[in-house]
Amino acid sequence: MTATPSDPDNHQANAPIPFKVQIIPVTPLQQNCSLIFDETSKEAVFVDPGGDAEQLEAALKHFGLKLTKIWLTHGHLDHAGAAQILKEKWNVDIEGPHEDDQWLLDDIEAQGAKYGITDGRNTKSDRYLTDGDTLEFAGHTFGVVHCPGHTPGHVVIYQDQAKLAFVGDVLFQGSIGRTDFPRGNHADLIASITQKLWPLGNEMRFVPGHGQMSTFGQERQTNPYVADSVVAKS
């Protein structure tokens, strides 16, 4: 699956997007790694480079880009497995997730052994993120909210002007993140979605960690776990 959210017919919003996004599924778990890039400066960021480093390198080459940052929403293998490889190749910093997920970044290789994924590398964030932090690349500013539940240190990265969020495994089209992994918490996840994500606006489109894009407004109407009508009854 690929997506360029700046296309006017892509999904539901018409917000201007001053950068491009290419979604590249990686690992056997088909995790949505996002390549964000500026067409003028050719600077690029990977959000959640979970694996298949050679495929990600090929995408950079295809668009003629220079990797300048790596952003992680959380520490699970399929979201962070290739981060250390790319960090060393391009001499860039890893920003995110929240410090409460460093234990997962320390455990990537062990996680891989459970799933038969052998190219993941343990890593350490150069900058932990939390509520209210901002991220910068090529003159574009992104916001950060800490959204525990799927993992304790999960963060969501969003760009207000573009009305676009990268939500990792917090929220999906028609579903929510799993909370049966170590240190998962269902109540925290519901609170993160309803108290941290919904205030960003119904128009906010999001790239989930797996599957198709949606909008917060659509999920508030139809998601069987966190729709307004469902939450009101709980």
# chains A, B, ... in the order shown; residues from 1 in each chain; ligands from 1
>>> residues_around(residues="range 25-39 of chain A", least_positions_apart="2", cutoff="7 Å", atoms="only C-alpha atoms", output="PyMOL selection string")
chain A and resi 1+19-23+41-52+78-79+138+208-210
>>> write_last_selection(atoms="C-alpha atoms", output="PDB file, in the first residue's frame")
ATOM      1  CA  MET A   1       0.000   0.000   0.000  1.00  0.00           C
ATOM      2  CA  PHE A  19       5.270  17.771   2.281  1.00  0.00           C
ATOM      3  CA  LYS A  20       4.863  14.339   0.738  1.00  0.00           C
ATOM      4  CA  VAL A  21       4.202  11.032   2.454  1.00  0.00           C
ATOM      5  CA  GLN A  22       4.870   7.578   1.086  1.00  0.00           C
ATOM      6  CA  ILE A  23       3.604   4.594   3.069  1.00  0.00           C
ATOM      7  CA  SER A  41      15.092  20.425   0.206  1.00  0.00           C
ATOM      8  CA  LYS A  42      14.963  16.640  -0.405  1.00  0.00           C
ATOM      9  CA  GLU A  43      15.154  16.114   3.355  1.00  0.00           C
ATOM     10  CA  ALA A  44      13.323  13.058   4.661  1.00  0.00           C
ATOM     11  CA  VAL A  45      12.128  11.405   7.862  1.00  0.00           C
ATOM     12  CA  PHE A  46      11.131   7.804   8.472  1.00  0.00           C
ATOM     13  CA  VAL A  47       8.335   7.230  10.966  1.00  0.00           C
ATOM     14  CA  ASP A  48       8.497   3.720  12.413  1.00  0.00           C
ATOM     15  CA  PRO A  49      11.078   1.990  10.192  1.00  0.00           C
ATOM     16  CA  GLY A  50      10.277  -1.474  11.506  1.00  0.00           C
ATOM     17  CA  GLY A  51      12.405  -3.540   9.154  1.00  0.00           C
ATOM     18  CA  ASP A  52      13.364  -4.261   5.541  1.00  0.00           C
ATOM     19  CA  ASP A  78       7.790  -4.046  13.657  1.00  0.00           C
ATOM     20  CA  HIS A  79       7.954  -0.304  14.298  1.00  0.00           C
ATOM     21  CA  ALA A 138      12.821  20.985   6.667  1.00  0.00           C
ATOM     22  CA  PRO A 208      -2.175   3.650  11.479  1.00  0.00           C
ATOM     23  CA  GLY A 209       0.529   1.112  12.138  1.00  0.00           C
ATOM     24  CA  HIS A 210      -1.321  -1.421  10.005  1.00  0.00           C
TER      25      HIS A 210
END
>>> closest_atom_pairs(of="range 12-125 of chain A", to="range 142-155 of chain A", cutoff="7 Å", atoms="only C-alpha atoms", output="CSV")
residue,atom,partner,partner_atom,distance
A:Thr73,CA,A:Val155,CA,4.9
A:His74,CA,A:His154,CA,4.7
A:Pro97,CA,A:Val155,CA,5.9
A:His98,CA,A:Gly153,CA,4.5
A:Glu99,CA,A:Gly153,CA,6.1
A:Asp100,CA,A:Gly153,CA,4.4
A:Asp101,CA,A:Gly153,CA,4.5
>>> write_last_selection(atoms="N, CA and C atoms", output="PDB file, in the first residue's frame")
ATOM      1  N   THR A  73       7.084   5.868  17.108  1.00  0.00           N
ATOM      2  CA  THR A  73       5.890   6.010  17.943  1.00  0.00           C
ATOM      3  C   THR A  73       5.960   5.104  19.166  1.00  0.00           C
ATOM      4  N   HIS A  74       6.571   3.925  19.030  1.00  0.00           N
ATOM      5  CA  HIS A  74       6.730   3.032  20.175  1.00  0.00           C
ATOM      6  C   HIS A  74       7.801   1.990  19.867  1.00  0.00           C
ATOM      7  N   PRO A  97      10.395   6.867  21.109  1.00  0.00           N
ATOM      8  CA  PRO A  97       9.122   7.254  21.714  1.00  0.00           C
ATOM      9  C   PRO A  97       9.331   7.905  23.076  1.00  0.00           C
ATOM     10  N   HIS A  98       8.355   7.807  23.951  1.00  0.00           N
ATOM     11  CA  HIS A  98       8.485   8.236  25.338  1.00  0.00           C
ATOM     12  C   HIS A  98       9.470   7.290  26.038  1.00  0.00           C
ATOM     13  N   GLU A  99      10.130   7.785  27.070  1.00  0.00           N
ATOM     14  CA  GLU A  99      11.161   6.982  27.742  1.00  0.00           C
ATOM     15  C   GLU A  99      10.615   5.683  28.331  1.00  0.00           C
ATOM     16  N   ASP A 100       9.314   5.598  28.570  1.00  0.00           N
ATOM     17  CA  ASP A 100       8.750   4.379  29.138  1.00  0.00           C
ATOM     18  C   ASP A 100       8.758   3.199  28.171  1.00  0.00           C
ATOM     19  N   ASP A 101       9.186   3.421  26.931  1.00  0.00           N
ATOM     20  CA  ASP A 101       9.304   2.321  25.974  1.00  0.00           C
ATOM     21  C   ASP A 101      10.745   1.915  25.700  1.00  0.00           C
TER      22      ASP A 101
END
>>> closest_residue(among="A:Leu129, A:Ala83, A:Leu60, A:Val167", to="Met213 in chain A", atoms="only C-alpha atoms")
A:Val167
>>> atom_distance(atom1="CA of Asp107 in chain A", atom2="CA of Pro182 in chain A")
12.2 Å
>>> closest_residue(among="A:Asn202, A:Gln195, A:Ser229, A:Gln55", to="Ala82 in chain A", atoms="only C-alpha atoms")
A:Gln55
>>> select_by_dssp(residues="range 53-225 of chain A", states="strand (DSSP E or B)", output="MDAnalysis selection string")
chainID A and resid 66:71 93:95 127 134:137 140:146 155:159 164:168 171:172 175:176 205:208 214:215
>>> write_last_selection(atoms="N, CA and C atoms", output="CSV table (one decimal), in the first residue's frame")
chain,number,residue,atom,x,y,z
A,66,LYS,N,17.6,12.6,1.2
A,66,LYS,CA,18.6,12.5,2.3
A,66,LYS,C,17.8,12.3,3.6
A,67,LEU,N,18.1,11.2,4.3
A,67,LEU,CA,17.4,10.9,5.6
A,67,LEU,C,18.1,11.9,6.6
A,68,THR,N,17.2,12.6,7.3
A,68,THR,CA,17.7,13.5,8.4
A,68,THR,C,17.2,13.2,9.8
A,69,LYS,N,16.1,12.4,9.9
A,69,LYS,CA,15.6,12.1,11.2
A,69,LYS,C,14.9,10.7,11.2
A,70,ILE,N,14.8,10.0,12.3
A,70,ILE,CA,14.0,8.8,12.5
A,70,ILE,C,13.1,9.1,13.6
A,71,TRP,N,11.8,8.9,13.5
A,71,TRP,CA,10.8,9.1,14.5
A,71,TRP,C,10.1,7.8,14.8
A,93,ASP,N,19.7,11.2,14.2
A,93,ASP,CA,19.2,10.9,15.5
A,93,ASP,C,17.8,10.1,15.4
A,94,ILE,N,17.6,9.3,16.4
A,94,ILE,CA,16.3,8.7,16.6
A,94,ILE,C,15.5,9.5,17.7
A,95,GLU,N,14.4,10.0,17.3
A,95,GLU,CA,13.5,10.8,18.2
A,95,GLU,C,12.3,10.0,18.5
A,127,ARG,N,16.4,11.0,21.8
A,127,ARG,CA,15.6,12.0,22.4
A,127,ARG,C,14.2,11.4,22.7
A,134,THR,N,7.7,19.2,20.3
A,134,THR,CA,7.6,19.4,18.9
A,134,THR,C,8.7,18.8,18.2
A,135,LEU,N,8.5,18.4,16.9
A,135,LEU,CA,9.5,17.8,16.1
A,135,LEU,C,9.6,18.7,14.8
A,136,GLU,N,10.8,18.8,14.3
A,136,GLU,CA,11.1,19.7,13.2
A,136,GLU,C,11.8,18.9,12.1
A,137,PHE,N,11.4,19.2,10.8
A,137,PHE,CA,12.2,18.8,9.7
A,137,PHE,C,11.9,19.7,8.5
A,140,HIS,N,9.2,22.2,8.8
A,140,HIS,CA,7.9,21.8,9.1
A,140,HIS,C,7.9,21.4,10.6
A,141,THR,N,6.8,21.8,11.3
A,141,THR,CA,6.7,21.5,12.7
A,141,THR,C,5.6,20.5,13.0
A,142,PHE,N,5.9,19.5,13.8
A,142,PHE,CA,5.0,18.4,14.2
A,142,PHE,C,4.8,18.4,15.7
A,143,GLY,N,3.6,18.1,16.1
A,143,GLY,CA,3.3,18.0,17.5
A,143,GLY,C,3.4,16.6,18.0
A,144,VAL,N,3.4,16.5,19.3
A,144,VAL,CA,3.5,15.1,20.0
A,144,VAL,C,2.5,15.0,21.1
A,145,VAL,N,1.8,13.9,21.2
A,145,VAL,CA,1.0,13.6,22.4
A,145,VAL,C,1.4,12.2,22.9
A,146,HIS,N,1.6,12.0,24.2
A,146,HIS,CA,1.9,10.7,24.8
A,146,HIS,C,0.6,10.0,25.0
A,155,VAL,N,3.8,7.2,21.6
A,155,VAL,CA,3.4,8.6,21.3
A,155,VAL,C,2.8,8.7,19.9
A,156,VAL,N,2.0,9.7,19.7
A,156,VAL,CA,1.4,10.0,18.4
A,156,VAL,C,2.0,11.3,17.9
A,157,ILE,N,2.4,11.3,16.7
A,157,ILE,CA,3.0,12.5,16.0
A,157,ILE,C,2.0,13.1,15.0
A,158,TYR,N,1.8,14.4,15.0
A,158,TYR,CA,0.8,14.9,14.2
A,158,TYR,C,1.2,16.3,13.6
A,159,GLN,N,0.6,16.7,12.5
A,159,GLN,CA,0.9,18.0,11.8
A,159,GLN,C,-0.4,18.7,11.6
A,164,LEU,N,-2.9,15.7,9.7
A,164,LEU,CA,-2.4,14.4,9.4
A,164,LEU,C,-1.6,13.9,10.7
A,165,ALA,N,-2.0,12.7,11.1
A,165,ALA,CA,-1.3,12.1,12.3
A,165,ALA,C,-0.8,10.7,12.0
A,166,PHE,N,0.3,10.4,12.7
A,166,PHE,CA,0.9,9.1,12.6
A,166,PHE,C,0.7,8.4,14.0
A,167,VAL,N,-0.2,7.5,14.1
A,167,VAL,CA,-0.7,7.0,15.4
A,167,VAL,C,-0.2,5.7,15.8
A,168,GLY,N,0.8,5.1,15.0
A,168,GLY,CA,1.3,3.8,15.4
A,168,GLY,C,0.2,2.8,15.6
A,171,LEU,N,-4.6,3.4,17.3
A,171,LEU,CA,-5.9,3.4,16.7
A,171,LEU,C,-5.8,2.9,15.2
A,172,PHE,N,-6.8,2.2,14.8
A,172,PHE,CA,-6.9,1.7,13.4
A,172,PHE,C,-8.3,2.0,12.9
A,175,SER,N,-10.8,-0.3,14.5
A,175,SER,CA,-10.3,-1.0,15.7
A,175,SER,C,-9.4,-0.2,16.5
A,176,ILE,N,-8.8,-0.8,17.5
A,176,ILE,CA,-7.9,-0.1,18.4
A,176,ILE,C,-6.7,-1.0,18.7
A,205,ARG,N,-6.7,13.3,9.6
A,205,ARG,CA,-6.5,12.0,9.0
A,205,ARG,C,-5.4,11.3,9.8
A,206,PHE,N,-5.4,10.0,9.7
A,206,PHE,CA,-4.3,9.3,10.4
A,206,PHE,C,-3.8,8.1,9.7
A,207,VAL,N,-2.5,7.9,9.8
A,207,VAL,CA,-1.8,6.7,9.2
A,207,VAL,C,-1.6,5.8,10.4
A,208,PRO,N,-2.3,4.6,10.4
A,208,PRO,CA,-2.2,3.6,11.5
A,208,PRO,C,-1.0,2.8,11.3
A,214,SER,N,-7.7,6.5,7.9
A,214,SER,CA,-9.1,7.0,8.2
A,214,SER,C,-9.0,8.4,8.8
A,215,THR,N,-10.0,8.9,9.4
A,215,THR,CA,-10.0,10.2,10.1
A,215,THR,C,-10.6,9.9,11.5
>>> residues_around(residues="His76 in chain A", least_positions_apart="6", cutoff="8 Å", atoms="only C-alpha atoms", output="NGL selection string")
:A and (104-105 or 108 or 111)
>>> residues_around(residues="Gln221 in chain A", least_positions_apart="4", cutoff="12 Å", atoms="only C-alpha atoms", output="VMD selection string")
chain A and resid 173 to 174 198 202 214 to 217 225 to 231
